[in-house]
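Here the structure is laid out as structure tokens; the discussion comes afterwards.
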There are 2 protein chains.
Amino acid sequence: METLPDKTVERLSQYRRSLNNQLAKGKEHIFSHEIANLLHITSVQVRRDIMLIGYSGTLRKGYDIKELVHLIGVILDTDQGQKIAVIGMGNIGKGFIHYLYEKRSKLKIVAAFDINPEKIDKTYADVYCYHLDKLEEIIQNENIKIGIITTPPLVAPEIANKLVNAGIKGILNYTPKPLSVPDDVYLEEYDMITSLEKVAYFVKEK
Amino acid sequence: METLPDKTVERLSQYRRSLNNQLAKGKEHIFSHEIANLLHITSVQVRRDIMLIGYSGTLRKGYDIKELVHLIGVILDTDQGQKIAVIGMGNIGKGFIHYLYEKRSKLKIVAAFDINPEKIDKTYADVYCYHLDKLEEIIQNENIKIGIITTPPLVAPEIANKLVNAGIKGILNYTPKPLSVPDDVYLEEYDMITSLEKVAYFVKEK
DNA sequence: TTTCTATTGTTAAAAAAATAACAATATTTT
DNA sequence: AAAATATTGTTATTTTTTTAACAATAGAAA
């Protein structure tokens, strides 16, 4: 399958979670407009996304939730799962670890890094925190492919370099400092302050 | 001015921060390609955004940083500033408070809410945490117009309702539970797990 | 059985966003 | 002084994303 559009990937992740909720409630089939209602989007969009991943529902019966969830899994997940490292054990770093804690997902945060002695060699929600000096070593030994940067912005570029050198293939940058990485590394940036300023702007304009 | 495109607003927020850094370094003028390099985008995009806000640079000299920062302020900020409440004093809630702490920005987090007695009636980075029961009262008295929801997902819809009833005009929803709000309330949703699954997908596909 | 209805799957159109193209021109170089 | 160059501002094009339109049809209703 050719790579899916960005936005479709995002929605698939959301469909899956909503669908799992529905499964847990005992629901077995679902219509496109029901999925749409759960996510507050349109049913066309749902159908289009489902078309793009090559799944088909049954007319008048909708989609088989279990099958759909499974297929989304085939698309989004890898069989062995993907290991993640968090760099920066501040509030946001902890937030990520906490969010994934006890979710049996194919994504696993397997290491955290910091330079603060009070955080190093301790465990937060089963994730061990190492000194930043161990970054390359642990990432290579553990075969970690994804890194989340939640450090102070100033050091983000240097962390990104280390991650890339250690063989990381995807970075989620949570600092407001824009990064650049080689073409074979996927970079997703998210800036909390920008989100907030955006809300503020549209509040002002309304 | 007609409302600016979504993405332009996001970039303006980022331009401003980068430009302030440059000002702090003593730089007074800047070319579009220099801004572009700072953000790892293209210079055309920078020029287009700047065109959209109606600013003009000087040929061969670039943009006057101070003027540009000022104009972005005129667009993004309100004179009196905007007050923000954080609902949910977990890691992410604290993260937001911490991020805005001591930044002299027109955005101010002025109250936090939780239901955990250990958090209530305490102050974190100068932000006082109230019991959730006080939500409507404080929001109205303080004239808070923006709310950040960082609670467990299950209660997010109920919080959103309370916020809307209390007169909030913009919500940043950090929980994975999709919300719906009346048309006159601006809603921005962000889902940490989805970001991460997106990175994972594109790492897998590369 | 026949007609009606709800729903899917897909193509077509529209809207939003990014990128390219390029004319205009101030400044620098020759 | 003339030519070359670097840079802006803007229009045009392309790409991406969303939305609309609608044919096909399984199942429900008549």
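Residue numbering restarts at 1 for every chain of the structure tokens, chains are lettered A, B, ... in their displayed order, and ligands are numbered from 1 as they appear.
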Q: Please determine the contact residues of chain D with respect to chain A at a cut-off of 9 Å, counting only C-alpha atoms (C1' of nucleotides), and supply them as JSON, numbers by chain.
A: {"D": [16, 17, 18, 19, 25, 26, 27]}
Give me, as a Markdown table, the closest atom pair and its distance (Å, one decimal) for every residue of chain C within a cut-off of 9 Å of chain A, counting only C-alpha atoms (C1' of nucleotides), rows sorted by chain and rising number.
| residue | atom | partner | partner_atom | distance |
| --- | --- | --- | --- | --- |
| C:DA6 | C1' | A:Arg60 | CA | 6.5 |
| C:DT7 | C1' | A:Arg60 | CA | 5.3 |
| C:DT8 | C1' | A:Leu59 | CA | 5.5 |
| C:DG9 | C1' | A:Met51 | CA | 7.2 |
| C:DT10 | C1' | A:Arg48 | CA | 8.6 |
Can you write out the residues you just picked, keeping N, CA and C atoms (P, O5', C5', C4', C3', O3' and C1' of nucleotides), as a short mmCIF file (atom, residue, chain, number, x, y, z; two decimals), in the first residue's frame?
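Saved file again06.cif follows:
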data_model
loop_
_atom_site.label_atom_id
_atom_site.label_comp_id
_atom_site.auth_asym_id
_atom_site.auth_seq_id
_atom_site.Cartn_x
_atom_site.Cartn_y
_atom_site.Cartn_z
P DA C 6 -34.58 5.88 5.35
"O5'" DA C 6 -33.22 5.12 5.69
"C5'" DA C 6 -33.29 3.78 6.13
"C4'" DA C 6 -31.91 3.17 5.96
"C3'" DA C 6 -30.77 4.09 6.40
"O3'" DA C 6 -29.86 3.25 7.07
"C1'" DA C 6 -30.46 3.46 4.14
P DT C 7 -28.75 3.75 7.99
"O5'" DT C 7 -27.46 3.49 7.08
"C5'" DT C 7 -27.08 2.16 6.83
"C4'" DT C 7 -26.21 2.12 5.60
"C3'" DT C 7 -25.02 3.06 5.65
"O3'" DT C 7 -23.88 2.32 6.04
"C1'" DT C 7 -25.97 2.82 3.48
P DT C 8 -22.42 2.99 6.06
"O5'" DT C 8 -21.79 2.38 4.73
"C5'" DT C 8 -21.75 0.97 4.56
"C4'" DT C 8 -21.43 0.65 3.11
"C3'" DT C 8 -20.03 1.06 2.68
"O3'" DT C 8 -19.35 -0.08 2.15
"C1'" DT C 8 -21.68 1.93 1.18
P DG C 9 -17.78 -0.05 1.96
"O5'" DG C 9 -17.64 0.61 0.52
"C5'" DG C 9 -18.01 -0.16 -0.61
"C4'" DG C 9 -17.77 0.67 -1.85
"C3'" DG C 9 -16.33 1.19 -1.98
"O3'" DG C 9 -15.92 0.88 -3.31
"C1'" DG C 9 -17.88 2.99 -2.15
P DT C 10 -14.49 1.24 -3.85
"O5'" DT C 10 -14.78 2.59 -4.62
"C5'" DT C 10 -15.65 2.53 -5.75
"C4'" DT C 10 -15.85 3.92 -6.29
"C3'" DT C 10 -14.55 4.70 -6.49
"O3'" DT C 10 -14.58 5.27 -7.78
"C1'" DT C 10 -16.11 6.02 -5.36
#
Q | For stretch 159-169 of chain B: contacts at 6 Å, only C-alpha atoms (C1' of nucleotides), fewer than 5 positions along chain excluded, given as a ChimeraX atom specification | A | /A:203 /B:136,145-146,185
Okay, now the selection with C-alpha atoms, as a PDB file, in the first residue's frame?
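In the end it all went to again.pdb:
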ATOM      1  CA  VAL A 203     -11.138  33.568  20.391  1.00  0.00           C
TER       2      VAL A 203
ATOM      3  CA  GLU B 136     -17.947  28.356  37.084  1.00  0.00           C
ATOM      4  CA  LYS B 145     -12.032  33.118  28.304  1.00  0.00           C
ATOM      5  CA  ILE B 146      -9.780  30.156  27.541  1.00  0.00           C
ATOM      6  CA  VAL B 185     -16.590  28.521  21.015  1.00  0.00           C
TER       7      VAL B 185
END
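Here atom CA of B:Lys119 stands at a distance of 19.8 Å from atom CA of B:Leu154.
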(Q) Set the cut-off to 6 Å and count only C-alpha atoms: what are the residues of chain B that reach chain A? Output as a ChimeraX atom specification. (A) /B:10,13,39,76,91-92,95,169-170,178,194,199,201,203
**Q.** Filtered DSSP result for stretch 14-161 of chain A, state strand (DSSP E), as an MDAnalysis selection string
**A.** chainID A and resid 29:30 63:64 82:87 107:114 123:124 127:131 146:149
Q.
Residues of stretch 108-161 of chain B classed as alpha helix (DSSP H) by DSSP on the backbone are to be reported as a PyMOL selection string.
A. chain B and resi 135-142+156-161
Export, as a JSON list (two decimals), in the first residue's frame, the selected residues with all heavy atoms.
[["chain", "number", "residue", "atom", "x", "y", "z"],
["B", 135, "LEU", "N", -15.30, 25.94, 39.63],
["B", 135, "LEU", "CA", -14.99, 26.26, 38.24],
["B", 135, "LEU", "C", -15.78, 27.45, 37.69],
["B", 135, "LEU", "O", -15.21, 28.47, 37.30],
["B", 135, "LEU", "CB", -15.22, 25.02, 37.35],
["B", 135, "LEU", "CG", -14.75, 25.14, 35.91],
["B", 135, "LEU", "CD1", -13.24, 25.10, 35.82],
["B", 135, "LEU", "CD2", -15.32, 24.00, 35.05],
["B", 136, "GLU", "N", -17.11, 27.31, 37.67],
["B", 136, "GLU", "CA", -17.95, 28.36, 37.08],
["B", 136, "GLU", "C", -17.73, 29.70, 37.79],
["B", 136, "GLU", "O", -17.57, 30.74, 37.14],
["B", 136, "GLU", "CB", -19.43, 27.98, 37.16],
["B", 136, "GLU", "CG", -19.87, 26.99, 36.09],
["B", 136, "GLU", "CD", -19.92, 25.55, 36.56],
["B", 136, "GLU", "OE1", -19.14, 25.18, 37.49],
["B", 136, "GLU", "OE2", -20.71, 24.78, 35.99],
["B", 137, "GLU", "N", -17.72, 29.64, 39.10],
["B", 137, "GLU", "CA", -17.57, 30.87, 39.90],
["B", 137, "GLU", "C", -16.30, 31.63, 39.54],
["B", 137, "GLU", "O", -16.33, 32.82, 39.19],
["B", 137, "GLU", "CB", -17.56, 30.48, 41.39],
["B", 137, "GLU", "CG", -17.41, 31.64, 42.35],
["B", 137, "GLU", "CD", -17.09, 31.14, 43.76],
["B", 137, "GLU", "OE1", -17.50, 30.00, 44.11],
["B", 137, "GLU", "OE2", -16.39, 31.88, 44.50],
["B", 138, "ILE", "N", -15.18, 30.92, 39.60],
["B", 138, "ILE", "CA", -13.90, 31.59, 39.34],
["B", 138, "ILE", "C", -13.80, 32.09, 37.89],
["B", 138, "ILE", "O", -13.34, 33.20, 37.63],
["B", 138, "ILE", "CB", -12.72, 30.63, 39.61],
["B", 138, "ILE", "CG1", -12.79, 30.07, 41.02],
["B", 138, "ILE", "CG2", -11.38, 31.31, 39.35],
["B", 138, "ILE", "CD1", -12.35, 30.99, 42.11],
["B", 139, "ILE", "N", -14.26, 31.25, 36.99],
["B", 139, "ILE", "CA", -14.16, 31.64, 35.58],
["B", 139, "ILE", "C", -14.95, 32.91, 35.30],
["B", 139, "ILE", "O", -14.50, 33.80, 34.58],
["B", 139, "ILE", "CB", -14.61, 30.47, 34.67],
["B", 139, "ILE", "CG1", -13.50, 29.43, 34.66],
["B", 139, "ILE", "CG2", -14.93, 30.96, 33.26],
["B", 139, "ILE", "CD1", -13.78, 28.24, 33.80],
["B", 140, "GLN", "N", -16.11, 32.98, 35.90],
["B", 140, "GLN", "CA", -16.92, 34.18, 35.68],
["B", 140, "GLN", "C", -16.33, 35.39, 36.40],
["B", 140, "GLN", "O", -16.20, 36.47, 35.82],
["B", 140, "GLN", "CB", -18.37, 33.92, 36.08],
["B", 140, "GLN", "CG", -19.05, 33.04, 35.03],
["B", 140, "GLN", "CD", -20.42, 32.56, 35.44],
["B", 140, "GLN", "OE1", -20.81, 32.67, 36.61],
["B", 140, "GLN", "NE2", -21.16, 32.00, 34.49],
["B", 141, "ASN", "N", -15.95, 35.21, 37.64],
["B", 141, "ASN", "CA", -15.40, 36.34, 38.39],
["B", 141, "ASN", "C", -14.12, 36.87, 37.77],
["B", 141, "ASN", "O", -13.89, 38.08, 37.72],
["B", 141, "ASN", "CB", -15.10, 35.93, 39.84],
["B", 141, "ASN", "CG", -16.37, 35.71, 40.63],
["B", 141, "ASN", "OD1", -17.46, 36.01, 40.14],
["B", 141, "ASN", "ND2", -16.26, 35.17, 41.82],
["B", 142, "GLU", "N", -13.31, 35.96, 37.32],
["B", 142, "GLU", "CA", -12.00, 36.36, 36.77],
["B", 142, "GLU", "C", -12.11, 36.73, 35.30],
["B", 142, "GLU", "O", -11.13, 37.15, 34.70],
["B", 142, "GLU", "CB", -10.99, 35.22, 36.92],
["B", 142, "GLU", "CG", -10.59, 34.94, 38.35],
["B", 142, "GLU", "CD", -9.39, 35.78, 38.78],
["B", 142, "GLU", "OE1", -8.82, 36.47, 37.91],
["B", 142, "GLU", "OE2", -9.04, 35.73, 39.96],
["B", 156, "ALA", "N", -13.84, 14.67, 30.37],
["B", 156, "ALA", "CA", -13.61, 15.83, 29.51],
["B", 156, "ALA", "C", -14.90, 16.47, 28.98],
["B", 156, "ALA", "O", -15.04, 17.70, 29.00],
["B", 156, "ALA", "CB", -12.66, 15.47, 28.36],
["B", 157, "PRO", "N", -15.86, 15.66, 28.52],
["B", 157, "PRO", "CA", -17.08, 16.29, 27.97],
["B", 157, "PRO", "C", -17.83, 17.11, 29.02],
["B", 157, "PRO", "O", -18.34, 18.20, 28.73],
["B", 157, "PRO", "CB", -17.92, 15.08, 27.53],
["B", 157, "PRO", "CG", -16.94, 13.98, 27.31],
["B", 157, "PRO", "CD", -15.87, 14.19, 28.34],
["B", 158, "GLU", "N", -17.87, 16.59, 30.22],
["B", 158, "GLU", "CA", -18.58, 17.29, 31.30],
["B", 158, "GLU", "C", -17.85, 18.58, 31.68],
["B", 158, "GLU", "O", -18.47, 19.63, 31.91],
["B", 158, "GLU", "CB", -18.72, 16.29, 32.47],
["B", 158, "GLU", "CG", -18.65, 16.81, 33.85],
["B", 158, "GLU", "CD", -18.31, 15.67, 34.84],
["B", 158, "GLU", "OE1", -18.28, 14.46, 34.43],
["B", 158, "GLU", "OE2", -18.03, 15.96, 36.02],
["B", 159, "ILE", "N", -16.55, 18.52, 31.67],
["B", 159, "ILE", "CA", -15.77, 19.73, 31.93],
["B", 159, "ILE", "C", -16.03, 20.77, 30.82],
["B", 159, "ILE", "O", -16.24, 21.95, 31.09],
["B", 159, "ILE", "CB", -14.26, 19.42, 31.96],
["B", 159, "ILE", "CG1", -13.92, 18.38, 33.01],
["B", 159, "ILE", "CG2", -13.45, 20.69, 32.15],
["B", 159, "ILE", "CD1", -13.94, 18.86, 34.42],
["B", 160, "ALA", "N", -16.03, 20.28, 29.59],
["B", 160, "ALA", "CA", -16.25, 21.18, 28.46],
["B", 160, "ALA", "C", -17.60, 21.89, 28.61],
["B", 160, "ALA", "O", -17.70, 23.10, 28.40],
["B", 160, "ALA", "CB", -16.18, 20.42, 27.15],
["B", 161, "ASN", "N", -18.61, 21.15, 28.97],
["B", 161, "ASN", "CA", -19.93, 21.76, 29.19],
["B", 161, "ASN", "C", -19.88, 22.84, 30.24],
["B", 161, "ASN", "O", -20.40, 23.94, 30.05],
["B", 161, "ASN", "CB", -20.94, 20.70, 29.64],
["B", 161, "ASN", "CG", -21.42, 19.87, 28.47],
["B", 161, "ASN", "OD1", -21.29, 20.30, 27.31],
["B", 161, "ASN", "ND2", -21.95, 18.70, 28.75]]
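Taking atom CA of A:Val110 and atom CA of A:Tyr128 as endpoints, the distance between them is 7.4 Å.
Atom CA of B:Ile97 sits 14.8 Å away from atom CA of A:Thr175.
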Q. D:DA29: which residues within 12 Å, counting only C-alpha atoms (C1' of nucleotides), same-chain residues fewer than 2 positions away excluded, as a list in words?
A. DT1, DT2, DT3, DC4 and DT5 of chain C; DG27 of chain D
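All residues of protein, DNA or RNA that reach within 12 Å of C:DA21, judged by only C-alpha atoms (C1' of nucleotides) and not counting those fewer than 5 positions away in the chain, are Val44 of chain B; DT10, DT11, DA12 and DT13 of chain D.
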Take the selection from the previous step and output its residues with C-alpha atoms (C1' of nucleotides), as a PDB file, in the first residue's frame.
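New file again08.pdb:
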ATOM      1  CA  VAL B  44       8.377  31.895   0.129  1.00  0.00           C
TER       2      VAL B  44
ATOM      3  C1'  DT D  10       2.476  38.859  -5.625  1.00  0.00           C
ATOM      4  C1'  DT D  11       0.239  36.014  -8.913  1.00  0.00           C
ATOM      5  C1'  DA D  12      -0.090  31.362 -10.745  1.00  0.00           C
ATOM      6  C1'  DT D  13       0.337  26.467 -10.143  1.00  0.00           C
TER       7       DT D  13
END
